[in-house]
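File shown: work-v4.cif (mmCIF, C-alpha atoms and all ligand atoms).
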```cif
data_input
#
loop_
_atom_site.label_atom_id
_atom_site.label_comp_id
_atom_site.auth_asym_id
_atom_site.auth_seq_id
_atom_site.Cartn_x
_atom_site.Cartn_y
_atom_site.Cartn_z
CA MET A 284 -146.95 115.95 269.16
CA GLN A 285 -143.58 116.44 270.90
CA LYS A 286 -141.82 115.47 267.69
CA ASN A 287 -143.97 117.89 265.70
CA ARG A 288 -143.10 120.79 268.00
CA LYS A 289 -139.44 120.04 267.66
CA ARG A 290 -139.80 120.05 263.92
CA ASN A 291 -141.65 123.35 264.02
CA ILE A 292 -138.94 124.90 266.17
CA PHE A 293 -136.34 123.60 263.78
CA ILE A 294 -138.19 125.11 260.80
CA LEU A 295 -138.56 128.39 262.70
CA ALA A 296 -134.84 128.41 263.49
CA LEU A 297 -134.09 127.66 259.87
CA CYS A 298 -136.35 130.56 258.74
CA ILE A 299 -134.69 132.94 261.20
CA SER A 300 -131.24 131.87 260.08
CA MET A 301 -132.29 132.26 256.44
CA VAL A 302 -133.62 135.77 257.13
CA PHE A 303 -130.37 136.67 258.84
CA ALA A 304 -128.44 135.00 256.07
CA SER A 305 -130.28 137.08 253.48
CA PHE A 306 -129.51 140.22 255.51
CA ALA A 307 -125.90 139.21 255.62
CA GLY A 308 -126.12 138.45 251.92
CA ALA A 309 -127.49 141.93 251.18
CA TYR A 310 -124.72 143.51 253.24
CA GLY A 311 -122.17 141.24 251.59
CA ALA A 312 -123.34 142.36 248.17
CA THR A 313 -122.73 145.97 249.22
CA SER A 314 -119.18 145.29 250.36
CA ALA A 315 -118.49 143.11 247.32
CA GLN A 316 -120.16 145.78 245.17
CA LYS A 317 -117.81 148.42 246.59
CA LYS A 318 -114.89 146.16 245.84
CA ALA A 319 -116.09 145.71 242.27
CA GLU A 320 -116.44 149.50 241.91
CA ALA A 321 -112.95 149.91 243.34
CA LYS A 322 -111.68 147.41 240.81
CA ALA A 323 -113.29 149.39 237.97
CA PHE A 324 -111.42 152.50 239.13
CA GLY A 325 -108.27 150.44 239.44
CA ASP A 326 -108.71 149.39 235.81
CA LYS A 327 -109.27 153.03 234.84
CA ALA A 328 -106.10 154.07 236.68
CA GLN A 329 -104.18 151.30 234.97
CA GLU A 330 -105.50 152.33 231.56
CA ALA A 331 -104.63 156.02 232.11
CA MET A 332 -101.19 155.00 233.39
CA GLU A 333 -100.58 152.94 230.26
CA LYS A 334 -101.69 155.84 228.05
CA ALA A 335 -99.36 158.19 229.97
CA ASP A 336 -96.48 155.75 229.52
CA SER A 337 -97.12 155.36 225.81
CA VAL A 338 -97.35 159.14 225.26
CA GLU A 339 -94.27 159.64 227.40
CA ALA A 340 -92.37 157.14 225.24
CA LYS A 341 -93.33 159.25 222.20
CA ALA A 342 -92.20 162.41 224.04
CA VAL A 343 -88.84 160.79 224.76
CA ILE A 344 -88.35 159.98 221.06
CA MET A 345 -89.39 163.54 220.18
CA GLN A 346 -86.88 164.90 222.72
CA GLU A 347 -84.19 162.85 221.00
CA GLN A 348 -85.19 164.40 217.67
CA ILE A 349 -85.10 167.85 219.29
CA ASP A 350 -81.62 167.19 220.69
CA GLU A 351 -80.49 165.99 217.26
CA LYS A 352 -81.93 169.16 215.69
CA LYS A 353 -80.19 171.27 218.32
CA LYS A 354 -76.86 169.70 217.38
CA GLU A 355 -77.51 170.38 213.69
CA ILE A 356 -78.38 173.98 214.52
CA GLU A 357 -75.22 174.39 216.59
CA ALA A 358 -73.09 172.88 213.80
CA THR A 359 -74.72 175.19 211.25
CA GLN A 360 -74.26 178.17 213.55
CA GLU A 361 -70.55 177.29 213.79
CA LYS A 362 -70.34 177.19 209.99
CA VAL A 363 -72.13 180.56 209.81
CA THR A 364 -69.67 182.09 212.28
CA LYS A 365 -66.75 180.62 210.36
CA LYS A 366 -68.13 181.90 207.07
CA GLU A 367 -68.61 185.37 208.55
CA ALA A 368 -65.00 185.31 209.71
CA GLU A 369 -63.89 184.28 206.20
CA ILE A 370 -65.92 187.12 204.73
CA ASP A 371 -64.41 189.54 207.23
CA SER A 372 -60.91 188.44 206.38
CA GLN A 373 -61.64 188.50 202.64
CA THR A 374 -63.11 192.01 202.96
CA GLU A 375 -60.11 192.99 205.02
CA ALA A 376 -57.78 191.58 202.35
CA LEU A 377 -59.60 193.42 199.61
CA ASN A 378 -59.57 196.66 201.58
CA GLN A 379 -55.92 196.19 202.32
CA ARG A 380 -55.13 195.54 198.69
CA LEU A 381 -57.11 198.63 197.68
CA SER A 382 -55.44 200.64 200.41
CA VAL A 383 -51.96 199.46 199.45
CA MET A 384 -52.69 200.09 195.79
CA TYR A 385 -53.95 203.54 196.67
CA LYS A 386 -51.07 204.37 198.99
CA THR A 387 -48.40 203.12 196.61
CA GLY A 388 -50.31 204.70 193.83
CA THR A 389 -50.44 201.48 191.86
CA ILE A 390 -54.16 201.75 191.57
CA GLY A 391 -54.21 205.34 190.51
CA ILE A 392 -55.78 205.37 187.07
CA VAL A 393 -53.61 208.38 186.32
CA ASP A 394 -50.55 206.27 187.18
CA VAL A 395 -51.86 203.53 184.96
CA ILE A 396 -52.33 206.03 182.16
CA LEU A 397 -48.99 207.69 182.77
CA SER A 398 -47.10 204.43 183.09
CA SER A 399 -48.59 203.03 179.95
CA ASP A 400 -46.49 203.61 176.88
CA SER A 401 -49.17 202.77 174.43
CA MET A 402 -52.90 202.64 174.21
CA GLU A 403 -52.59 198.89 174.01
CA GLU A 404 -50.57 198.78 177.22
CA LEU A 405 -52.95 201.22 178.86
CA LEU A 406 -55.93 199.04 178.09
CA MET A 407 -54.05 195.99 179.29
CA ASN A 408 -53.00 197.62 182.56
CA VAL A 409 -56.51 198.90 183.28
CA GLY A 410 -57.83 195.41 182.52
CA LEU A 411 -55.32 193.85 184.88
CA VAL A 412 -56.36 196.06 187.76
CA GLN A 413 -59.99 195.37 187.06
CA LYS A 414 -59.29 191.64 186.89
CA ILE A 415 -57.61 191.62 190.31
CA LEU A 416 -60.48 193.54 191.85
CA LYS A 417 -63.04 191.36 190.06
CA SER A 418 -61.41 188.20 191.39
CA ASP A 419 -61.44 189.59 194.93
CA GLN A 420 -65.06 190.60 194.55
CA ASP A 421 -65.99 187.19 193.10
CA ILE A 422 -64.47 185.45 196.10
CA LEU A 423 -66.34 187.77 198.42
CA LYS A 424 -69.59 187.28 196.50
CA GLY A 425 -69.12 183.48 196.67
CA LEU A 426 -68.57 183.64 200.40
CA GLU A 427 -71.61 185.81 200.87
CA ASP A 428 -73.76 183.39 198.85
CA GLU A 429 -72.52 180.51 200.99
CA LEU A 430 -73.31 182.49 204.12
CA ALA A 431 -76.83 183.23 202.87
CA GLU A 432 -77.31 179.51 202.19
CA LEU A 433 -76.12 178.58 205.69
CA GLU A 434 -78.35 181.21 207.25
CA ALA A 435 -81.32 179.89 205.30
CA LEU A 436 -80.50 176.37 206.46
CA LYS A 437 -80.23 177.55 210.05
CA LYS A 438 -83.56 179.33 209.79
CA GLN A 439 -85.14 176.15 208.43
CA LEU A 440 -83.63 174.08 211.26
CA ASP A 441 -84.83 176.65 213.82
CA GLU A 442 -88.33 176.37 212.41
CA GLN A 443 -88.21 172.57 212.49
CA LYS A 444 -87.02 172.67 216.09
CA ALA A 445 -89.76 175.11 217.07
CA GLN A 446 -92.30 172.74 215.54
CA LEU A 447 -90.86 169.77 217.45
CA ASP A 448 -90.79 171.83 220.66
CA ALA A 449 -94.47 172.67 220.23
CA GLN A 450 -95.38 169.03 219.53
CA LYS A 451 -93.37 167.87 222.55
CA ALA A 452 -95.06 170.46 224.76
CA GLU A 453 -98.42 169.06 223.64
CA LEU A 454 -97.29 165.54 224.51
CA ASP A 455 -96.04 166.73 227.91
CA VAL A 456 -99.45 168.24 228.64
CA LEU A 457 -101.11 164.98 227.60
CA VAL A 458 -98.80 162.95 229.86
CA GLU A 459 -99.64 165.24 232.79
CA GLN A 460 -103.33 164.88 231.98
CA TYR A 461 -103.21 161.07 231.91
CA ARG A 462 -101.11 160.97 235.08
CA ALA A 463 -103.64 163.21 236.84
CA GLU A 464 -106.46 160.97 235.58
CA ALA A 465 -104.64 157.89 236.88
CA ASP A 466 -104.01 159.55 240.25
CA ALA A 467 -107.66 160.54 240.58
CA ALA A 468 -108.87 157.05 239.67
CA LYS A 469 -106.36 155.53 242.07
CA ALA A 470 -107.51 157.80 244.88
CA GLU A 471 -111.13 156.81 244.14
CA GLN A 472 -110.10 153.15 244.11
CA GLU A 473 -108.41 153.47 247.50
CA LYS A 474 -111.40 155.34 248.91
CA LEU A 475 -113.81 152.63 247.70
CA ASN A 476 -111.53 149.87 248.99
CA ALA A 477 -111.47 151.54 252.41
CA GLU A 478 -115.27 151.84 252.30
CA ALA A 479 -115.51 148.17 251.31
CA ALA A 480 -113.27 147.20 254.23
CA ALA A 481 -115.36 149.29 256.64
CA LEU A 482 -118.57 147.78 255.27
CA LEU A 483 -117.15 144.31 255.68
CA GLN A 484 -116.45 145.01 259.36
CA GLU A 485 -120.04 146.26 259.72
CA GLU A 486 -121.35 143.18 257.94
CA LEU A 487 -119.31 140.90 260.18
CA ALA A 488 -120.58 142.71 263.28
CA ASN A 489 -124.15 142.33 262.03
CA GLN A 490 -123.84 138.59 261.57
CA PRO A 491 -126.43 136.51 263.45
CA ASN A 492 -125.12 135.20 266.70
CA VAL A 493 -127.07 131.92 266.37
CA PRO A 494 -125.30 128.62 265.81
CA TYR A 495 -124.88 127.98 262.12
CA THR A 496 -126.59 124.96 260.63
CA PRO A 497 -125.48 123.97 257.15
CA PRO A 498 -128.51 124.09 254.84
CA ALA A 499 -130.19 120.69 254.64
CA SER A 500 -131.60 121.13 251.16
CA GLY A 501 -129.79 120.88 247.86
CA SER A 502 -126.96 118.53 246.95
CA TYR A 503 -124.13 120.58 248.46
CA THR A 504 -123.54 122.02 251.89
CA TRP A 505 -122.56 125.71 252.16
CA PRO A 506 -118.98 125.55 253.45
CA THR A 507 -119.15 128.10 256.25
CA ARG A 508 -121.00 130.98 257.82
CA GLY A 509 -120.00 134.51 256.88
CA VAL A 510 -120.29 137.25 254.33
CA ILE A 511 -119.01 137.18 250.78
CA SER A 512 -116.03 139.53 250.93
CA ASP A 513 -114.83 138.67 247.43
CA ASP A 514 -116.73 137.00 244.64
CA TYR A 515 -115.57 134.64 241.92
CA GLY A 516 -114.00 136.52 238.99
CA TRP A 517 -111.48 139.28 238.20
CA ARG A 518 -110.34 141.47 241.09
CA ILE A 519 -107.45 143.49 242.46
CA CYS A 520 -105.49 141.26 244.82
CA PRO A 521 -103.49 143.05 247.56
CA PHE A 522 -100.61 140.64 246.92
CA HIS A 523 -100.55 140.10 243.16
CA GLY A 524 -102.21 143.14 241.58
CA GLU A 525 -104.94 142.26 239.13
CA GLU A 526 -105.76 138.58 239.07
CA PHE A 527 -108.54 136.12 238.50
CA HIS A 528 -110.13 135.20 241.81
CA ASP A 529 -110.92 131.55 241.26
CA GLY A 530 -113.18 131.16 244.27
CA LEU A 531 -115.37 132.79 246.89
CA ASP A 532 -114.04 134.54 249.96
CA ILE A 533 -116.39 134.09 252.89
CA ALA A 534 -115.40 136.21 255.88
CA SER A 535 -116.28 135.76 259.52
CA SER A 536 -114.39 135.41 262.78
CA THR A 537 -111.48 133.08 263.47
CA GLY A 538 -112.70 129.69 264.60
CA THR A 539 -115.93 129.66 262.57
CA PRO A 540 -116.55 126.02 261.53
CA ILE A 541 -115.80 124.94 257.97
CA TYR A 542 -117.72 122.02 256.47
CA ALA A 543 -117.15 119.58 253.60
CA ILE A 544 -119.59 120.58 250.86
CA ALA A 545 -120.13 116.95 249.83
CA ASP A 546 -118.95 113.40 250.52
CA GLY A 547 -115.42 112.76 249.38
CA VAL A 548 -111.81 111.90 250.11
CA VAL A 549 -109.33 114.43 251.51
CA GLY A 550 -106.42 115.18 249.18
CA THR A 551 -104.43 118.07 250.66
CA ALA A 552 -104.60 118.68 254.41
CA ASN A 553 -101.64 120.90 255.24
CA TRP A 554 -99.90 124.23 254.48
CA TYR A 555 -100.26 125.00 250.80
CA GLY A 556 -98.44 128.20 249.72
CA GLY A 557 -100.55 131.37 249.73
CA TYR A 558 -103.58 129.35 250.82
CA GLY A 559 -101.96 128.76 254.21
CA ASN A 560 -103.61 125.85 256.01
CA CYS A 561 -105.55 124.22 253.24
CA VAL A 562 -107.85 121.27 252.67
CA THR A 563 -108.88 119.83 249.32
CA ILE A 564 -111.54 117.17 248.90
CA SER A 565 -112.21 115.01 245.83
CA HIS A 566 -115.91 114.33 245.46
CA GLY A 567 -115.76 112.08 242.40
CA GLY A 568 -116.90 112.85 238.88
CA GLY A 569 -114.05 115.36 238.46
CA LEU A 570 -115.41 117.61 241.20
CA GLN A 571 -113.01 118.95 243.84
CA SER A 572 -113.31 121.59 246.53
CA LEU A 573 -110.57 123.66 248.19
CA TYR A 574 -110.71 125.43 251.56
CA GLY A 575 -107.94 127.96 252.20
CA HIS A 576 -106.56 130.19 255.02
CA MET A 577 -107.87 127.79 257.70
CA ASN A 578 -106.91 128.24 261.32
CA THR A 579 -107.06 124.57 262.24
CA ILE A 580 -107.47 121.45 260.13
CA TYR A 581 -109.48 118.53 261.55
CA VAL A 582 -108.93 116.01 258.76
CA SER A 583 -105.94 114.33 257.16
CA ARG A 584 -104.94 113.18 253.71
CA GLY A 585 -106.73 110.07 252.47
CA GLU A 586 -109.53 110.43 254.99
CA SER A 587 -113.10 109.93 253.82
CA VAL A 588 -115.39 112.78 254.81
CA SER A 589 -119.12 113.11 254.57
CA ARG A 590 -121.14 116.06 253.42
CA GLY A 591 -121.61 118.64 256.19
CA GLN A 592 -118.75 117.20 258.28
CA GLN A 593 -116.64 119.87 259.96
CA ILE A 594 -113.15 119.72 258.46
CA GLY A 595 -111.60 122.61 260.40
CA THR A 596 -112.00 126.25 261.38
CA MET A 597 -111.70 129.61 259.70
CA GLY A 598 -108.44 131.52 260.02
CA SER A 599 -106.17 133.97 258.26
CA THR A 600 -103.18 131.81 257.38
CA GLY A 601 -101.19 132.29 254.16
CA ASN A 602 -101.77 135.39 252.02
CA SER A 603 -104.78 136.77 253.85
CA THR A 604 -105.73 140.19 255.20
CA GLY A 605 -108.26 138.88 257.75
CA PRO A 606 -110.14 135.78 258.86
CA HIS A 607 -111.96 134.29 255.87
CA LEU A 608 -112.42 131.08 253.96
CA HIS A 609 -111.15 130.98 250.41
CA PHE A 610 -113.41 128.42 248.73
CA THR A 611 -112.68 127.12 245.23
CA VAL A 612 -114.59 124.48 243.30
CA TYR A 613 -112.79 122.64 240.51
CA MET A 614 -114.25 120.56 237.72
CA ASN A 615 -111.63 118.36 236.02
CA GLY A 616 -108.89 120.62 237.40
CA SER A 617 -110.36 123.97 236.28
CA SER A 618 -112.07 126.33 238.68
CA ILE A 619 -115.79 126.80 238.17
CA ASN A 620 -118.13 129.39 239.66
CA PRO A 621 -119.02 127.97 243.11
CA TRP A 622 -122.47 129.55 242.85
CA SER A 623 -123.28 127.02 240.13
CA LEU A 624 -123.51 124.34 242.85
CA TYR A 625 -126.08 126.21 244.91
ZN ZN B 701 -109.86 134.13 247.93
#
```
Show how you would write the structure in this file as structure tokens.
Ligand SMILES: [Zn+2]
Amino acid sequence: MQKNRKRNIFILALCISMVFASFAGAYGATSAQKKAEAKAFGDKAQEAMEKADSVEAKAVIMQEQIDEKKKEIEATQEKVTKKEAEIDSQTEALNQRLSVMYKTGTIGIVDVILSSDSMEELLMNVGLVQKILKSDQDILKGLEDELAELEALKKQLDEQKAQLDAQKAELDVLVEQYRAEADAAKAEQEKLNAEAAALLQEELANQPNVPYTPPASGSYTWPTRGVISDDYGWRICPFHGEEFHDGLDIASSTGTPIYAIADGVVGTANWYGGYGNCVTISHGGGLQSLYGHMNTIYVSRGESVSRGQQIGTMGSTGNSTGPHLHFTVYMNGSSINPWSLY
């Protein structure tokens, strides 16, 4: 009878702890959910940022083309100015020649007639004068044609530049748009991350204050008490940006016991990079488990441990933002989803 009562109390305690655990689980899902949402916004921000960068790269190339066009326009403008000066000086020369001819009377048709002894000479002299003037006019006409050509070229270049300017302006607007999108997504990501952190604190505060008993059923012991603050899969890591989270993060207070999930032999039992104080256990059949960020380690390398044995306590050593257990399960050296064991 006494034994039966004890068993009943144990079952009751187990039920209570399971109810609390499911509460904690529900809360944990909310915090983890927020983190997942935050990650989605982080991805969105990243995507918009990449789009902005790619459009900006195009805008830079376009700006180079615009600068090149500007140089061409300036060079053409210089040629135009030079040509105009040539035309001015040619016109000046022609005017001067006409003026000199007039003043000295050499151009006077009467002089030509009077100074010509014969009709033949008259015709020749008139022709000569006309030839000189025609040559001057031809030169002037040639220069004016060249000027018109240069001006047409400049107009064409101006139009091309205006087109490039308009295209670049469009790209600039697009870059601004993507940058604004990225900023908005980033702000949303930060907001959700802050909410997730606040929820986690709430979840931790709402944890049952009863002693934790590792579940007796199933083949594997749950490694610690706490809430899932980060699930297995892709996430934004505060230290490495986007990365694959190869385990579960279970958060609680410093000193919470950590248990071996199954019988095995301890491999690592010391400081291990970002994992801080870390224990790994080989369970045979290619199965290994890793426990990171521990506060204290109770086992040593080569030691045999049994399932449910406490191997240390929770901490925040290594790359960690708060007390939690990082728990990875490996099969033949590759991480597997820890949930598959439970
Ligand atoms: Zn982790």
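Our summary of the geometry notes that atom CA of A:Ala481 is positioned 11.0 Å from atom CA of A:Thr313.
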**Ref. answer, residues at most 12 Å from (-72.2, 180.6, 211.7) with only C-alpha atoms, as a list in words** = Glu355, Ile356, Glu357, Ala358, Thr359, Gln360, Glu361, Lys362, Val363, Thr364, Lys365, Lys366, Glu367, Ala368, Glu369, Ile370, Glu429, Leu430, Ala431, Glu432, Leu433, Glu434, Ala435, Leu436, Lys437 and Lys438 of chain A
Could you build a table of the residues in chain A lying no more than 12 Å from ligand ZN 701 (chain B), giving for each the nearest pair of atoms and their separation in Å rounded to one decimal place, using only C-alpha atoms and all ligand atoms, ordered by chain and ascending residue number, as a tab-separated table?
```
residue	atom	partner	partner_atom	distance
A:Ile511	CA	B:ZN701	ZN	10.1
A:Ser512	CA	B:ZN701	ZN	8.7
A:Asp513	CA	B:ZN701	ZN	6.7
A:Asp514	CA	B:ZN701	ZN	8.1
A:Tyr515	CA	B:ZN701	ZN	8.3
A:Gly516	CA	B:ZN701	ZN	10.1
A:Trp517	CA	B:ZN701	ZN	11.1
A:Arg518	CA	B:ZN701	ZN	10.0
A:Ile519	CA	B:ZN701	ZN	11.1
A:Cys520	CA	B:ZN701	ZN	8.9
A:Pro521	CA	B:ZN701	ZN	11.0
A:Phe522	CA	B:ZN701	ZN	11.4
A:Glu526	CA	B:ZN701	ZN	10.7
A:Phe527	CA	B:ZN701	ZN	9.7
A:His528	CA	B:ZN701	ZN	6.2
A:Asp529	CA	B:ZN701	ZN	7.2
A:Gly530	CA	B:ZN701	ZN	5.8
A:Leu531	CA	B:ZN701	ZN	5.8
A:Asp532	CA	B:ZN701	ZN	4.7
A:Ile533	CA	B:ZN701	ZN	8.2
A:Ala534	CA	B:ZN701	ZN	9.9
A:Gly557	CA	B:ZN701	ZN	9.9
A:Tyr558	CA	B:ZN701	ZN	8.4
A:Gly559	CA	B:ZN701	ZN	11.4
A:Leu573	CA	B:ZN701	ZN	10.5
A:Tyr574	CA	B:ZN701	ZN	9.5
A:Gly575	CA	B:ZN701	ZN	7.7
A:His576	CA	B:ZN701	ZN	8.8
A:Met577	CA	B:ZN701	ZN	11.8
A:Ser599	CA	B:ZN701	ZN	11.0
A:Thr600	CA	B:ZN701	ZN	11.8
A:Gly601	CA	B:ZN701	ZN	10.8
A:Asn602	CA	B:ZN701	ZN	9.2
A:Ser603	CA	B:ZN701	ZN	8.2
A:Thr604	CA	B:ZN701	ZN	10.3
A:Gly605	CA	B:ZN701	ZN	11.0
A:Pro606	CA	B:ZN701	ZN	11.1
A:His607	CA	B:ZN701	ZN	8.2
A:Leu608	CA	B:ZN701	ZN	7.2
A:His609	CA	B:ZN701	ZN	4.2
A:Phe610	CA	B:ZN701	ZN	6.8
A:Thr611	CA	B:ZN701	ZN	8.0
A:Val612	CA	B:ZN701	ZN	11.7
```
Closest atom pairs, stretch 382-489 of chain A residues within 7 Å of stretch 314-332 of chain A, only C-alpha atoms, as JSON lines:
```
{"residue": "A:Tyr461", "atom": "CA", "partner": "A:Ala331", "partner_atom": "CA", "distance": 5.2}
{"residue": "A:Arg462", "atom": "CA", "partner": "A:Met332", "partner_atom": "CA", "distance": 6.2}
{"residue": "A:Glu464", "atom": "CA", "partner": "A:Ala331", "partner_atom": "CA", "distance": 6.3}
{"residue": "A:Ala465", "atom": "CA", "partner": "A:Ala328", "partner_atom": "CA", "distance": 4.1}
{"residue": "A:Asp466", "atom": "CA", "partner": "A:Ala328", "partner_atom": "CA", "distance": 6.9}
{"residue": "A:Ala468", "atom": "CA", "partner": "A:Ala328", "partner_atom": "CA", "distance": 5.0}
{"residue": "A:Lys469", "atom": "CA", "partner": "A:Ala328", "partner_atom": "CA", "distance": 5.6}
{"residue": "A:Glu471", "atom": "CA", "partner": "A:Phe324", "partner_atom": "CA", "distance": 6.6}
{"residue": "A:Gln472", "atom": "CA", "partner": "A:Ala321", "partner_atom": "CA", "distance": 4.4}
{"residue": "A:Leu475", "atom": "CA", "partner": "A:Ala321", "partner_atom": "CA", "distance": 5.2}
{"residue": "A:Asn476", "atom": "CA", "partner": "A:Ala321", "partner_atom": "CA", "distance": 5.8}
{"residue": "A:Ala479", "atom": "CA", "partner": "A:Ser314", "partner_atom": "CA", "distance": 4.8}
{"residue": "A:Leu482", "atom": "CA", "partner": "A:Ser314", "partner_atom": "CA", "distance": 5.5}
{"residue": "A:Leu483", "atom": "CA", "partner": "A:Ser314", "partner_atom": "CA", "distance": 5.8}
```
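For the choices A:Gln348, A:Asn553, A:Thr563, A:Thr504, the atom-to-atom distance to A:Gly591 is smallest for A:Thr504 when using only C-alpha atoms.
From atom CA of A:Leu570 back to atom CA of A:Ser587, the distance works out to 15.0 Å.
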**Request:** Identify which of the residues A:Lys352, A:Glu403, A:Ser583, A:Asn620 lies closest to A:Leu440, counting all atoms listed in the file when measuring atom-to-atom distances.
**Result:** A:Lys352
**Complete:** As a check of understanding: the span from atom CA of A:Asn560 to atom CA of A:Gly509 is 18.6 Å
**Request:** Scan for residues within 10 Å of the point (-106.8, 115.8, 238.3) in the coordinates of the file, using all atoms listed in the file, and reply as an MDAnalysis selection string.
**Result:** chainID A and resid 565 569:571 613:617
Could the residues in this selection be saved with C-alpha atoms as a compact mmCIF listing (two decimals), in the coordinates of the input?
```txt
# COMPACT_ATOMS: atom_id res chain seq x y z
CA SER A 565 -112.21 115.01 245.83
CA GLY A 569 -114.05 115.36 238.46
CA LEU A 570 -115.41 117.61 241.20
CA GLN A 571 -113.01 118.95 243.84
CA TYR A 613 -112.79 122.64 240.51
CA MET A 614 -114.25 120.56 237.72
CA ASN A 615 -111.63 118.36 236.02
CA GLY A 616 -108.89 120.62 237.40
CA SER A 617 -110.36 123.97 236.28
```
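Neighbouring residues of A:Gly567 at 9 Å or closer, counting all atoms listed in the file and skipping chain neighbours under 5 positions away, are Asp546, Gly547 and Val548 of chain A.
The residue that comes closest to A:Val343, out of A:Gln450, A:Thr551, A:Thr579, A:Thr374 and on the basis of all atoms listed in the file, is A:Gln450.
Nearest to A:Trp505 of all the residues A:Lys386, A:Lys444, A:Arg590, A:Lys353 is A:Arg590, counting only C-alpha atoms.
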If I wrap all listed atoms of stretch 502-509 of chain A in a box with edges along x, y and z and add 8 Å on each side, what are its centre and edge lengths in Å to one decimal, as JSON?
```
{"center_x": -123.0, "center_y": 126.5, "center_z": 252.4, "size_x": 24.0, "size_y": 32.0, "size_z": 26.9}
```
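Each of A:Thr507, A:Ser398, A:Gln484, A:Gln446 was compared to A:Ile349 using only C-alpha atoms, and A:Gln446 turns out to be the nearest.
Remark: for A:Glu486, the closest of the candidate residues A:Glu347, A:Ser535, A:Arg508, A:Gln443 is A:Ser535 (distances computed over all atoms listed in the file).
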Long-range neighbours of A:Ala452 as a PDB file with C-alpha atoms, in the coordinates of the input, 12 Å cut-off, all atoms listed in the file, 2 positions minimum in chain:
```pdb
ATOM      1  CA  VAL A 338     -97.350 159.140 225.260  1.00  0.00           C
ATOM      2  CA  GLU A 339     -94.270 159.640 227.400  1.00  0.00           C
ATOM      3  CA  LYS A 341     -93.330 159.250 222.200  1.00  0.00           C
ATOM      4  CA  ALA A 342     -92.200 162.410 224.040  1.00  0.00           C
ATOM      5  CA  VAL A 343     -88.840 160.790 224.760  1.00  0.00           C
ATOM      6  CA  MET A 345     -89.390 163.540 220.180  1.00  0.00           C
ATOM      7  CA  GLN A 346     -86.880 164.900 222.720  1.00  0.00           C
ATOM      8  CA  ILE A 349     -85.100 167.850 219.290  1.00  0.00           C
ATOM      9  CA  ALA A 445     -89.760 175.110 217.070  1.00  0.00           C
ATOM     10  CA  GLN A 446     -92.300 172.740 215.540  1.00  0.00           C
ATOM     11  CA  LEU A 447     -90.860 169.770 217.450  1.00  0.00           C
ATOM     12  CA  ASP A 448     -90.790 171.830 220.660  1.00  0.00           C
ATOM     13  CA  ALA A 449     -94.470 172.670 220.230  1.00  0.00           C
ATOM     14  CA  GLN A 450     -95.380 169.030 219.530  1.00  0.00           C
ATOM     15  CA  LEU A 454     -97.290 165.540 224.510  1.00  0.00           C
ATOM     16  CA  ASP A 455     -96.040 166.730 227.910  1.00  0.00           C
ATOM     17  CA  VAL A 456     -99.450 168.240 228.640  1.00  0.00           C
ATOM     18  CA  LEU A 457    -101.110 164.980 227.600  1.00  0.00           C
ATOM     19  CA  VAL A 458     -98.800 162.950 229.860  1.00  0.00           C
ATOM     20  CA  GLU A 459     -99.640 165.240 232.790  1.00  0.00           C
TER      21      GLU A 459
END
```
